[in-house]
Each structure stands twice: as structure tokens, then as C-alpha cells.
$ cat structure11.cif   # mmCIF, C-alpha atoms
data_coords
#
loop_
_atom_site.group_PDB
_atom_site.id
_atom_site.type_symbol
_atom_site.label_atom_id
_atom_site.label_comp_id
_atom_site.auth_asym_id
_atom_site.auth_seq_id
_atom_site.Cartn_x
_atom_site.Cartn_y
_atom_site.Cartn_z
ATOM 1 C CA LEU A 1 114.809 138.161 211.821
ATOM 2 C CA SER A 2 116.149 137.789 208.293
ATOM 3 C CA LEU A 3 112.773 138.659 206.806
ATOM 4 C CA ILE A 4 112.496 141.710 209.038
ATOM 5 C CA ALA A 5 115.931 142.849 207.854
ATOM 6 C CA ALA A 6 114.979 142.321 204.193
ATOM 7 C CA ARG A 7 111.663 144.124 204.598
ATOM 8 C CA GLY A 8 113.527 146.927 206.361
ATOM 9 C CA GLY A 9 115.639 147.501 203.267
ATOM 10 C CA ALA A 10 118.708 145.289 203.690
ATOM 11 C CA ALA A 11 120.123 144.535 200.253
ATOM 12 C CA SER A 12 121.865 141.389 201.484
ATOM 13 C CA VAL A 13 120.920 139.014 204.302
ATOM 14 C CA CYS A 14 122.786 135.900 205.370
ATOM 15 C CA ALA A 15 120.978 133.778 207.954
ATOM 16 C CA LEU A 16 122.878 131.138 209.901
ATOM 17 C CA GLU A 17 120.973 128.307 211.594
ATOM 18 C CA LEU A 18 122.465 125.485 213.614
ATOM 19 C CA SER A 19 119.499 123.100 213.483
ATOM 20 C CA PRO A 20 118.849 121.409 210.112
ATOM 21 C CA ILE A 21 115.161 120.984 211.001
ATOM 22 C CA ILE A 22 114.709 124.677 211.778
ATOM 23 C CA ALA A 23 116.778 125.569 208.702
ATOM 24 C CA ASP A 24 114.399 123.527 206.502
ATOM 25 C CA VAL A 25 111.398 125.442 207.860
ATOM 26 C CA ALA A 26 113.263 128.746 207.519
ATOM 27 C CA GLU A 27 114.156 127.930 203.892
ATOM 28 C CA GLU A 28 110.491 127.259 203.081
ATOM 29 C CA THR A 29 109.484 130.497 204.810
ATOM 30 C CA LEU A 30 112.131 132.536 202.973
ATOM 31 C CA SER A 31 111.154 131.023 199.618
ATOM 32 C CA ALA A 32 107.463 131.723 200.190
ATOM 33 C CA ASN A 33 108.185 135.307 201.220
ATOM 34 C CA LEU A 34 110.423 135.905 198.194
ATOM 35 C CA ARG A 35 107.648 134.587 195.912
ATOM 36 C CA GLU A 36 105.221 136.953 197.629
ATOM 37 C CA TRP A 37 107.729 139.794 197.253
ATOM 38 C CA HIS A 38 107.915 139.188 193.490
ATOM 39 C CA VAL A 39 104.126 139.091 193.197
ATOM 40 C CA MET A 40 103.785 142.393 195.048
ATOM 41 C CA ASN A 41 106.731 144.162 193.385
ATOM 42 C CA GLY A 42 106.833 142.535 189.960
ATOM 43 C CA THR A 43 109.201 139.871 188.717
ATOM 44 C CA ALA A 44 111.565 142.467 187.240
ATOM 45 C CA ALA A 45 112.090 144.135 190.630
ATOM 46 C CA ARG A 46 115.331 143.246 192.362
ATOM 47 C CA SER A 47 114.679 141.157 195.458
ATOM 48 C CA PRO A 48 117.007 141.164 198.466
ATOM 49 C CA ASP A 49 119.931 138.754 198.281
ATOM 50 C CA MET A 50 118.944 136.240 200.955
ATOM 51 C CA ARG A 51 121.019 133.194 201.874
ATOM 52 C CA LEU A 52 120.569 130.566 204.545
ATOM 53 C CA LEU A 53 123.527 128.533 205.775
ATOM 54 C CA THR A 54 123.088 125.564 208.099
ATOM 55 C CA GLY A 55 125.703 124.751 210.731
ATOM 56 C CA ASP A 56 127.569 126.167 213.687
ATOM 57 C CA VAL A 57 128.336 129.849 213.109
ATOM 58 C CA ARG A 58 131.863 129.298 214.404
ATOM 59 C CA THR A 59 132.640 126.906 211.528
ATOM 60 C CA PHE A 60 131.875 129.366 208.724
ATOM 61 C CA SER A 61 134.471 131.558 207.052
ATOM 62 C CA PRO A 62 134.120 135.167 205.875
ATOM 63 C CA ALA A 63 134.200 133.862 202.285
ATOM 64 C CA GLN A 64 131.039 131.860 202.974
ATOM 65 C CA VAL A 65 129.138 134.501 204.941
ATOM 66 C CA GLY A 66 130.515 137.836 203.766
ATOM 67 C CA GLN A 67 130.886 141.118 205.632
ATOM 68 C CA HIS A 68 127.753 142.726 207.048
ATOM 69 C CA ASP A 69 126.799 146.091 208.526
ATOM 70 C CA VAL A 70 124.537 144.524 211.162
ATOM 71 C CA ILE A 71 125.123 141.366 213.188
ATOM 72 C CA VAL A 72 122.049 140.019 214.997
ATOM 73 C CA CYS A 73 122.221 137.119 217.421
ATOM 74 C CA GLU A 74 119.021 135.672 218.821
ATOM 75 C CA LEU A 75 120.701 133.031 220.979
ATOM 76 C CA MET A 76 119.227 134.054 224.285
ATOM 77 C CA ASP A 77 118.106 131.768 227.048
ATOM 78 C CA ALA A 78 116.893 132.714 230.501
ATOM 79 C CA SER A 79 120.452 133.325 231.747
ATOM 80 C CA GLY A 80 121.452 135.554 228.845
ATOM 81 C CA ILE A 81 124.768 133.798 228.374
ATOM 82 C CA GLY A 82 123.643 130.282 227.564
ATOM 83 C CA GLU A 83 123.629 128.681 224.130
ATOM 84 C CA SER A 84 127.248 129.813 223.616
ATOM 85 C CA VAL A 85 126.110 133.350 222.811
ATOM 86 C CA LEU A 86 129.469 134.873 223.785
ATOM 87 C CA SER A 87 131.599 132.648 221.558
ATOM 88 C CA VAL A 88 129.093 132.879 218.692
ATOM 89 C CA LEU A 89 128.982 136.688 218.834
ATOM 90 C CA THR A 90 132.760 136.912 219.190
ATOM 91 C CA HIS A 91 133.280 134.800 216.081
ATOM 92 C CA ALA A 92 130.617 136.689 214.123
ATOM 93 C CA CYS A 93 132.073 140.065 215.077
ATOM 94 C CA MET A 94 135.638 139.040 214.272
ATOM 95 C CA HIS A 95 134.848 137.417 210.929
ATOM 96 C CA PHE A 96 131.560 138.739 209.511
ATOM 97 C CA ALA A 97 131.217 142.329 210.755
ATOM 98 C CA ALA A 98 132.103 145.156 208.415
ATOM 99 C CA PRO A 99 134.007 148.066 209.999
ATOM 100 C CA GLY A 100 131.599 150.011 212.213
ATOM 101 C CA ALA A 101 128.976 147.253 212.168
ATOM 102 C CA GLN A 102 126.127 147.406 214.629
ATOM 103 C CA VAL A 103 125.828 144.354 216.888
ATOM 104 C CA ILE A 104 122.494 143.315 218.376
ATOM 105 C CA PRO A 105 122.399 142.680 221.290
ATOM 106 C CA ALA A 106 125.013 145.347 221.987
ATOM 107 C CA ARG A 107 125.141 144.665 225.699
ATOM 108 C CA LEU A 108 123.805 142.313 228.295
ATOM 109 C CA GLU A 109 123.132 143.068 231.926
ATOM 110 C CA ILE A 110 122.963 140.103 234.252
ATOM 111 C CA ARG A 111 121.579 140.413 237.742
ATOM 112 C CA GLY A 112 121.625 137.668 240.262
ATOM 113 C CA GLY A 113 121.079 136.898 243.849
ATOM 114 C CA LEU A 114 122.091 134.232 246.269
ATOM 115 C CA GLY A 115 119.674 132.433 248.475
ATOM 116 C CA TYR A 116 119.412 129.459 250.738
ATOM 117 C CA LEU A 117 116.408 127.239 251.193
ATOM 118 C CA ALA A 118 116.319 124.406 253.687
ATOM 119 C CA LEU A 119 114.126 121.622 252.384
ATOM 120 C CA PRO A 120 112.514 119.198 254.807
ATOM 121 C CA ASP A 121 112.953 115.463 254.375
ATOM 122 C CA CYS A 122 110.019 114.444 252.242
ATOM 123 C CA HIS A 123 108.989 112.412 249.228
ATOM 124 C CA GLY A 124 109.110 109.054 250.928
ATOM 125 C CA GLY A 125 112.258 109.681 252.905
ATOM 126 C CA LEU A 126 114.328 111.328 250.127
ATOM 127 C CA SER A 127 116.970 113.391 251.877
ATOM 128 C CA TYR A 128 118.126 116.743 250.536
ATOM 129 C CA ALA A 129 120.964 116.952 253.081
ATOM 130 C CA ALA A 130 123.585 116.837 250.321
ATOM 131 C CA LEU A 131 122.365 120.258 249.192
ATOM 132 C CA ASP A 132 122.905 121.823 252.616
ATOM 133 C CA PRO A 133 125.975 124.062 252.956
#
$ encode --input "structure11.cif" --output "C-alpha cells"
Amino acid sequence: LSLIAARGGAASVCALELSPIIADVAEETLSANLREWHVMNGTAARSPDMRLLTGDVRTFSPAQVGQHDVIVCELMDASGIGESVLSVLTHACMHFAAPGAQVIPARLEIRGGLGYLALPDCHGGLSYAALDP
């Protein structure tokens, strides 16, 4: 996402990654893309200011991250609210968003349904009775 932002014209990009392993791969990818950018645009051309910080977003301060016009959060699991997306986005919006910043995702619609399934005793006598209402 950081590379897409830079290629789209962002002058400054600050990527935050919780996992050190993923951050290492991301750092290599960013470095390779910046080298490619300089080859294609010339070494004198100004490249985007790209930073990668590793750790929990909620532990960083505005001094470390800066203020940004766009906040993008890709923490999405199947439920839409897993991976602490609400607390991460809240912190990012309160501390890193410039006035009028665009937040992506801007909204989340969750739909659900209730159901009941009676399971027969099976699997060598394993009883699922504890799951019955």
C-alpha cells in the first residue's frame, strides 16, 4: 500500500508494521523500489520520503509518525473488526491524521445471522450436547 501511495504521488509515506518479519521483507521491497525509481527518474530526481516503522501502531507518537492527509488501515479479517482494527484506526486518526484527512476504510458494514444446527452424536461417541441451547 505504501508503494501504491508513493507511485500515486504522495510526497511522504510512513508505513507501520507490527510484525518484524514482515517489516524486514517490506524494507527490502521499499529499498528495491526506490532504487528502481532512481534508475527510471535519474538520481537527481527527488524520491518520495518513505519510512517504515516496526511495532504496534498504538505505541507510536505523532512526533515519530507525523501528520498525514490519508490514513490507510489494511487490518481486515473475515469479521471486519478483528485484529484490533477499531483501536488501531482510532489511535491513527487521533494522532496521525491531518485536519480533513481521508480514512480508508471509511466505513464498515457488518451483516450477520443466527442459526442453530443440531449435530448427531458421532466421531466415536463424542457428544456435542454441550453446544445445544
$ closest_residue --input "structure11.cif" --among "A:Ser84, A:Asp77, A:Leu114, A:Asp69" --to "Ala98 (chain A)" --atoms "all atoms listed in the file"
A:Asp69
$ residues_around --input "structure11.cif" --residues "region 10-20 of chain A" --least-positions-apart "2" --cutoff "6 Å" --atoms "all atoms listed in the file" --output "compact mmCIF listing (two decimals) with C-alpha atoms, in the coordinates of the input"
# COMPACT_ATOMS: atom_id res chain seq x y z
CA ALA A 5 115.93 142.85 207.85
CA ALA A 6 114.98 142.32 204.19
CA ILE A 22 114.71 124.68 211.78
CA ALA A 23 116.78 125.57 208.70
CA PRO A 48 117.01 141.16 198.47
CA ASP A 49 119.93 138.75 198.28
CA MET A 50 118.94 136.24 200.96
CA ARG A 51 121.02 133.19 201.87
CA LEU A 52 120.57 130.57 204.54
CA LEU A 53 123.53 128.53 205.78
CA THR A 54 123.09 125.56 208.10
CA GLY A 55 125.70 124.75 210.73
CA ASP A 56 127.57 126.17 213.69
$ resolve_selection --input "structure11.cif" --expression "the PyMOL selection byres ((chain A and resi 96) around 10)" --output "compact mmCIF listing (two decimals) with C-alpha atoms, in the coordinates of the input"
# COMPACT_ATOMS: atom_id res chain seq x y z
CA PHE A 60 131.88 129.37 208.72
CA SER A 61 134.47 131.56 207.05
CA PRO A 62 134.12 135.17 205.88
CA ALA A 63 134.20 133.86 202.28
CA GLN A 64 131.04 131.86 202.97
CA VAL A 65 129.14 134.50 204.94
CA GLY A 66 130.51 137.84 203.77
CA GLN A 67 130.89 141.12 205.63
CA HIS A 68 127.75 142.73 207.05
CA ASP A 69 126.80 146.09 208.53
CA VAL A 70 124.54 144.52 211.16
CA ILE A 71 125.12 141.37 213.19
CA LEU A 89 128.98 136.69 218.83
CA THR A 90 132.76 136.91 219.19
CA HIS A 91 133.28 134.80 216.08
CA ALA A 92 130.62 136.69 214.12
CA CYS A 93 132.07 140.06 215.08
CA MET A 94 135.64 139.04 214.27
CA HIS A 95 134.85 137.42 210.93
CA ALA A 97 131.22 142.33 210.76
CA ALA A 98 132.10 145.16 208.42
CA PRO A 99 134.01 148.07 210.00
CA ALA A 101 128.98 147.25 212.17
$ atom_distance --input "structure11.cif" --atom1 "CA of Ser2 (chain A)" --atom2 "CA of Ser31 (chain A)"
12.1 Å
$ residues_around --input "structure11.cif" --residues "Val72 (chain A)" --least-positions-apart "6" --cutoff "7 Å" --atoms "all atoms listed in the file" --output "PDB file with C-alpha atoms, in the coordinates of the input"
ATOM      1  CA  VAL A 103     125.828 144.354 216.888  1.00  0.00           C
ATOM      2  CA  ILE A 104     122.494 143.315 218.376  1.00  0.00           C
ATOM      3  CA  PRO A 105     122.399 142.680 221.290  1.00  0.00           C
TER       4      PRO A 105
END
